[in-house]
$ cat run02.txt   # compact mmCIF, C-alpha atoms
# COMPACT_ATOMS: atom_id res chain seq x y z
CA MET A 214 14.60 -0.09 -24.84
CA THR A 215 15.21 2.57 -22.20
CA PRO A 216 14.16 1.83 -18.63
CA PRO A 217 10.98 3.52 -17.39
CA ARG A 218 11.29 6.97 -15.90
CA ARG A 219 10.51 7.06 -12.17
CA ILE A 220 8.11 9.81 -11.11
CA LEU A 221 6.92 10.65 -7.62
CA PHE A 222 3.83 12.85 -7.27
CA LEU A 223 3.92 14.85 -4.05
CA CYS A 224 0.99 16.57 -2.34
CA THR A 225 0.17 17.74 1.16
CA GLY A 226 -1.79 14.69 2.36
CA ASN A 227 -1.50 12.18 -0.50
CA SER A 228 -5.26 11.70 -0.44
CA CYS A 229 -6.53 13.18 -3.70
CA ARG A 230 -4.55 14.93 -6.42
CA SER A 231 -1.31 12.96 -6.09
CA GLN A 232 -3.31 9.73 -5.89
CA MET A 233 -5.19 10.59 -9.09
CA ALA A 234 -1.94 11.57 -10.85
CA GLU A 235 -0.36 8.26 -9.85
CA GLY A 236 -3.37 6.33 -11.13
CA PHE A 237 -3.41 8.10 -14.50
CA THR A 238 0.33 7.70 -14.93
CA ARG A 239 0.33 4.01 -14.03
CA LEU A 240 -2.35 3.36 -16.65
CA LEU A 241 -1.32 5.70 -19.45
CA GLY A 242 2.43 5.50 -18.96
CA ALA A 243 2.77 1.73 -18.46
CA GLY A 244 6.17 0.64 -19.68
CA MET A 245 7.39 4.23 -20.01
CA VAL A 246 6.95 5.49 -16.47
CA GLU A 247 6.93 4.03 -12.98
CA ALA A 248 4.70 6.22 -10.85
CA GLY A 249 4.28 6.63 -7.14
CA SER A 250 2.76 9.22 -4.86
CA ALA A 251 3.32 10.46 -1.34
CA GLY A 252 2.49 13.36 0.89
CA ILE A 253 4.21 15.73 3.24
CA GLU A 254 1.71 14.07 5.60
CA ALA A 255 -0.60 11.07 5.10
CA HIS A 256 -4.31 11.84 5.31
CA GLY A 257 -5.75 8.60 3.93
CA GLN A 258 -7.49 8.19 0.59
CA ASN A 259 -10.38 10.46 -0.26
CA PRO A 260 -13.48 8.38 -1.11
CA ARG A 261 -14.61 10.94 -3.70
CA ALA A 262 -11.25 10.66 -5.50
CA LEU A 263 -11.67 6.89 -5.57
CA GLN A 264 -15.17 7.30 -6.97
CA VAL A 265 -14.36 9.76 -9.76
CA MET A 266 -11.39 7.69 -10.89
CA ALA A 267 -13.50 4.51 -10.88
CA GLU A 268 -16.03 6.33 -13.09
CA ILE A 269 -13.40 6.42 -15.86
CA GLY A 270 -12.16 2.90 -15.26
CA ILE A 271 -9.08 3.65 -13.15
CA ASP A 272 -8.98 1.80 -9.83
CA ILE A 273 -6.76 3.59 -7.30
CA SER A 274 -8.17 1.77 -4.27
CA GLY A 275 -5.01 -0.33 -3.94
CA GLN A 276 -2.77 2.71 -3.65
CA GLU A 277 -1.78 3.83 -0.17
CA SER A 278 -1.74 7.28 1.36
CA ILE A 279 1.82 7.49 2.61
CA ARG A 280 4.31 10.02 3.85
CA VAL A 281 7.30 10.79 1.64
CA THR A 282 10.60 9.21 2.67
CA ASP A 283 14.21 9.94 1.77
CA GLU A 284 14.33 6.57 0.00
CA MET A 285 11.41 7.54 -2.26
CA LEU A 286 13.14 10.77 -3.18
CA GLU A 287 16.39 8.96 -3.93
CA GLN A 288 14.63 6.49 -6.23
CA ALA A 289 12.76 9.18 -8.18
CA GLU A 290 14.08 10.82 -11.31
CA LEU A 291 11.36 13.45 -11.22
CA VAL A 292 9.32 14.78 -8.29
CA VAL A 293 6.13 16.56 -9.30
CA THR A 294 4.44 18.70 -6.67
CA VAL A 295 0.73 19.04 -7.34
CA CYS A 296 -0.14 21.66 -4.74
CA GLY A 297 1.43 24.86 -3.45
CA HIS A 298 1.94 23.57 0.08
CA ALA A 299 3.90 20.55 -1.14
CA ASP A 300 5.89 22.78 -3.49
CA GLU A 301 6.82 25.11 -0.64
CA HIS A 302 7.59 22.28 1.80
CA CYS A 303 9.20 19.82 -0.58
CA PRO A 304 12.17 18.18 1.10
CA ILE A 305 15.61 18.83 -0.34
CA LEU A 306 16.02 16.55 -3.31
CA PRO A 307 19.08 14.38 -3.90
CA PRO A 308 21.45 15.51 -6.67
CA GLY A 309 20.13 14.65 -10.12
CA VAL A 310 16.47 14.46 -9.09
CA LEU A 311 14.42 16.96 -11.05
CA LYS A 312 11.42 18.81 -9.66
CA GLU A 313 8.43 20.29 -11.45
CA HIS A 314 5.36 22.01 -10.04
CA TRP A 315 1.99 21.20 -11.60
CA PRO A 316 -0.53 23.12 -9.48
CA PHE A 317 -4.07 21.76 -9.34
CA ASP A 318 -6.98 23.08 -7.29
CA ASP A 319 -7.84 20.99 -4.24
CA PRO A 320 -11.24 19.39 -4.86
CA ALA A 321 -11.40 18.36 -1.19
CA GLN A 322 -11.87 22.06 -0.42
CA ALA A 323 -14.93 22.33 -2.68
CA ILE A 324 -18.13 23.55 -1.09
CA GLY A 325 -21.74 23.28 -2.14
CA SER A 326 -24.12 20.43 -2.76
CA GLU A 327 -22.82 16.91 -3.22
CA ASP A 328 -23.37 17.28 -6.97
CA GLU A 329 -21.32 20.49 -7.02
CA ILE A 330 -18.52 18.92 -4.99
CA MET A 331 -18.42 15.86 -7.24
CA ALA A 332 -18.35 18.13 -10.30
CA GLU A 333 -15.25 19.80 -8.86
CA PHE A 334 -13.61 16.41 -8.27
CA ARG A 335 -14.36 15.46 -11.88
CA ARG A 336 -13.02 18.77 -13.20
CA VAL A 337 -9.74 18.40 -11.30
CA ARG A 338 -9.52 14.71 -12.28
CA ASP A 339 -9.87 15.64 -15.94
CA GLU A 340 -7.31 18.43 -15.60
CA ILE A 341 -4.82 16.01 -14.04
CA GLY A 342 -5.50 13.44 -16.76
CA SER A 343 -4.90 16.01 -19.50
CA ARG A 344 -1.63 17.13 -17.90
CA ILE A 345 -0.43 13.52 -17.61
CA GLU A 346 -1.35 12.85 -21.27
CA HIS A 347 0.53 15.99 -22.34
CA TYR A 348 3.60 15.00 -20.33
CA LEU A 349 3.61 11.44 -21.71
CA LEU A 350 3.27 12.69 -25.28
CA HIS A 351 6.32 14.89 -24.78
CA LEU A 352 8.18 12.03 -23.12
CA LYS A 353 7.46 9.76 -26.12
CA THR A 354 8.77 12.36 -28.53
CA GLY A 355 11.87 13.09 -26.43
CA GLN A 356 10.81 16.63 -25.55
CA VAL A 357 11.22 16.16 -21.77
$ encode --input "run02.txt" --output "C-alpha cells"
Amino acid sequence: MTPPRRILFLCTGNSCRSQMAEGFTRLLGAGMVEAGSAGIEAHGQNPRALQVMAEIGIDISGQESIRVTDEMLEQAELVVTVCGHADEHCPILPPGVLKEHWPFDDPAQAIGSEDEIMAEFRRVRDEIGSRIEHYLLHLKTGQV
C-alpha cells in the first residue's frame, strides 16, 4: 500500500475555505490523503463555516486557524491555494512540492440577510466538497 499523499490547503486567513477543504479531505480521503490547512495569516475559525460543515456531519471545530510555516510546506507533497490572494502570495515552495490553484468564492464576503449569507456558505461548501470528491476519484484511479 502506498503512503497517503500529504496535502496542504492554503488560504488568506485559514478561517473558512481552507478549513472546509481540510475537513472534507480528512473525511473522504482517509487512508489516501493526509490533509492540513493554513493561511498566509491566521484569522480564527469562522463560526458559519463550522455550522455549515456540521450540517453535513463534518466536525471541523478541532482544527486550528494557523499561519503557514516552512516546515508545513516541506512536509507537503501538494499545496492547494483556494483563493487568489493566497495564490499570489504563496511562499516559495521547496523542490518537489507541487502547487495547484482551486479558486473558490469567499463566503465570508457575502452580504444580505442571514439566510442569504448562510446560503452562500452552503454553496461554497458544496463546491469545495465536489472538488475534493473529484480530486480523490482521480487520485484513486491514478490520474493525478
$ residues_around --input "run02.txt" --residues "Gly270 (chain A)" --least-positions-apart "4" --cutoff "12 Å" --atoms "all atoms listed in the file" --output "ChimeraX atom specification"
/A:236-237,240-241,263-266,274
$ atom_distance --input "run02.txt" --atom1 "CA of Lys353 (chain A)" --atom2 "CA of Asp283 (chain A)"
28.7 Å
$ residues_around --input "run02.txt" --residues "region 306-320 of chain A" --least-positions-apart "2" --cutoff "8 Å" --atoms "all atoms listed in the file" --output "ChimeraX atom specification"
/A:229-230,286-287,289-297,300,304,322-323,330,333-334,337,340-341
$ closest_residue --input "run02.txt" --among "A:Ala243, A:Ala248, A:Ala299, A:Ala321" --to "Thr225 (chain A)" --atoms "all atoms listed in the file"
A:Ala299
$ closest_residue --input "run02.txt" --among "A:Gly355, A:Gly342, A:Gly226, A:Pro260" --to "Met245 (chain A)" --atoms "all atoms listed in the file"
A:Gly355
$ atom_distance --input "run02.txt" --atom1 "CA of Ala251 (chain A)" --atom2 "CA of Gly275 (chain A)"
13.9 Å
$ atom_distance --input "run02.txt" --atom1 "CA of Glu346 (chain A)" --atom2 "CA of Gly242 (chain A)"
8.6 Å
$ closest_residue --input "run02.txt" --among "A:Arg335, A:Arg280, A:His256, A:His302" --to "Leu221 (chain A)" --atoms "all atoms listed in the file"
A:Arg280
$ closest_residue --input "run02.txt" --among "A:Arg338, A:Ala234, A:Arg261, A:Arg219" --to "Val246 (chain A)" --atoms "all atoms listed in the file"
A:Arg219
$ residues_around --input "run02.txt" --residues "Gln232 (chain A)" --least-positions-apart "4" --cutoff "9 Å" --atoms "all atoms listed in the file" --output "PyMOL selection string"
chain A and resi 222+224+227-228+236-237+249-251+258+262-263+273+276-278
$ build_atoms --input "run02.txt" --residues "region 220-241 of chain A" --atoms "N, CA and C atoms" --output "PDB file, in the frame of the given file"
ATOM      1  N   ILE A 220       8.723   8.548 -11.519  1.00  0.00           N
ATOM      2  CA  ILE A 220       8.110   9.810 -11.110  1.00  0.00           C
ATOM      3  C   ILE A 220       7.419   9.637  -9.767  1.00  0.00           C
ATOM      4  N   LEU A 221       7.609  10.617  -8.904  1.00  0.00           N
ATOM      5  CA  LEU A 221       6.920  10.650  -7.620  1.00  0.00           C
ATOM      6  C   LEU A 221       6.061  11.907  -7.589  1.00  0.00           C
ATOM      7  N   PHE A 222       4.753  11.724  -7.407  1.00  0.00           N
ATOM      8  CA  PHE A 222       3.830  12.850  -7.270  1.00  0.00           C
ATOM      9  C   PHE A 222       3.703  13.164  -5.790  1.00  0.00           C
ATOM     10  N   LEU A 223       3.890  14.429  -5.445  1.00  0.00           N
ATOM     11  CA  LEU A 223       3.920  14.850  -4.050  1.00  0.00           C
ATOM     12  C   LEU A 223       2.837  15.890  -3.790  1.00  0.00           C
ATOM     13  N   CYS A 224       2.065  15.661  -2.736  1.00  0.00           N
ATOM     14  CA  CYS A 224       0.990  16.570  -2.340  1.00  0.00           C
ATOM     15  C   CYS A 224       1.053  16.736  -0.819  1.00  0.00           C
ATOM     16  N   THR A 225       0.169  17.527  -0.286  1.00  0.00           N
ATOM     17  CA  THR A 225       0.170  17.740   1.160  1.00  0.00           C
ATOM     18  C   THR A 225      -0.166  16.448   1.906  1.00  0.00           C
ATOM     19  N   GLY A 226      -1.326  15.842   1.590  1.00  0.00           N
ATOM     20  CA  GLY A 226      -1.790  14.690   2.360  1.00  0.00           C
ATOM     21  C   GLY A 226      -1.853  13.384   1.603  1.00  0.00           C
ATOM     22  N   ASN A 227      -1.479  13.394   0.314  1.00  0.00           N
ATOM     23  CA  ASN A 227      -1.500  12.180  -0.500  1.00  0.00           C
ATOM     24  C   ASN A 227      -2.853  11.484  -0.423  1.00  0.00           C
ATOM     25  N   SER A 228      -3.917  12.281  -0.533  1.00  0.00           N
ATOM     26  CA  SER A 228      -5.260  11.700  -0.440  1.00  0.00           C
ATOM     27  C   SER A 228      -6.068  11.880  -1.716  1.00  0.00           C
ATOM     28  N   CYS A 229      -5.675  12.805  -2.576  1.00  0.00           N
ATOM     29  CA  CYS A 229      -6.530  13.180  -3.700  1.00  0.00           C
ATOM     30  C   CYS A 229      -5.740  13.372  -4.983  1.00  0.00           C
ATOM     31  N   ARG A 230      -5.196  14.571  -5.157  1.00  0.00           N
ATOM     32  CA  ARG A 230      -4.550  14.930  -6.420  1.00  0.00           C
ATOM     33  C   ARG A 230      -3.365  14.051  -6.758  1.00  0.00           C
ATOM     34  N   SER A 231      -2.477  13.814  -5.808  1.00  0.00           N
ATOM     35  CA  SER A 231      -1.310  12.960  -6.090  1.00  0.00           C
ATOM     36  C   SER A 231      -1.747  11.527  -6.346  1.00  0.00           C
ATOM     37  N   GLN A 232      -2.773  11.080  -5.661  1.00  0.00           N
ATOM     38  CA  GLN A 232      -3.310   9.730  -5.890  1.00  0.00           C
ATOM     39  C   GLN A 232      -3.877   9.608  -7.306  1.00  0.00           C
ATOM     40  N   MET A 233      -4.623  10.620  -7.736  1.00  0.00           N
ATOM     41  CA  MET A 233      -5.190  10.590  -9.090  1.00  0.00           C
ATOM     42  C   MET A 233      -4.069  10.627 -10.130  1.00  0.00           C
ATOM     43  N   ALA A 234      -3.065  11.474  -9.908  1.00  0.00           N
ATOM     44  CA  ALA A 234      -1.940  11.570 -10.850  1.00  0.00           C
ATOM     45  C   ALA A 234      -1.208  10.238 -10.954  1.00  0.00           C
ATOM     46  N   GLU A 235      -1.003   9.577  -9.825  1.00  0.00           N
ATOM     47  CA  GLU A 235      -0.360   8.260  -9.850  1.00  0.00           C
ATOM     48  C   GLU A 235      -1.193   7.275 -10.653  1.00  0.00           C
ATOM     49  N   GLY A 236      -2.495   7.268 -10.418  1.00  0.00           N
ATOM     50  CA  GLY A 236      -3.370   6.330 -11.130  1.00  0.00           C
ATOM     51  C   GLY A 236      -3.351   6.551 -12.637  1.00  0.00           C
ATOM     52  N   PHE A 237      -3.472   7.795 -13.061  1.00  0.00           N
ATOM     53  CA  PHE A 237      -3.410   8.100 -14.500  1.00  0.00           C
ATOM     54  C   PHE A 237      -2.074   7.666 -15.088  1.00  0.00           C
ATOM     55  N   THR A 238      -0.994   7.984 -14.401  1.00  0.00           N
ATOM     56  CA  THR A 238       0.330   7.700 -14.930  1.00  0.00           C
ATOM     57  C   THR A 238       0.598   6.205 -15.003  1.00  0.00           C
ATOM     58  N   ARG A 239       0.166   5.469 -14.002  1.00  0.00           N
ATOM     59  CA  ARG A 239       0.330   4.010 -14.030  1.00  0.00           C
ATOM     60  C   ARG A 239      -0.384   3.410 -15.243  1.00  0.00           C
ATOM     61  N   LEU A 240      -1.574   3.895 -15.525  1.00  0.00           N
ATOM     62  CA  LEU A 240      -2.350   3.360 -16.650  1.00  0.00           C
ATOM     63  C   LEU A 240      -1.803   3.832 -17.992  1.00  0.00           C
ATOM     64  N   LEU A 241      -1.680   5.135 -18.152  1.00  0.00           N
ATOM     65  CA  LEU A 241      -1.320   5.700 -19.450  1.00  0.00           C
ATOM     66  C   LEU A 241       0.161   5.590 -19.769  1.00  0.00           C
TER      67      LEU A 241
END
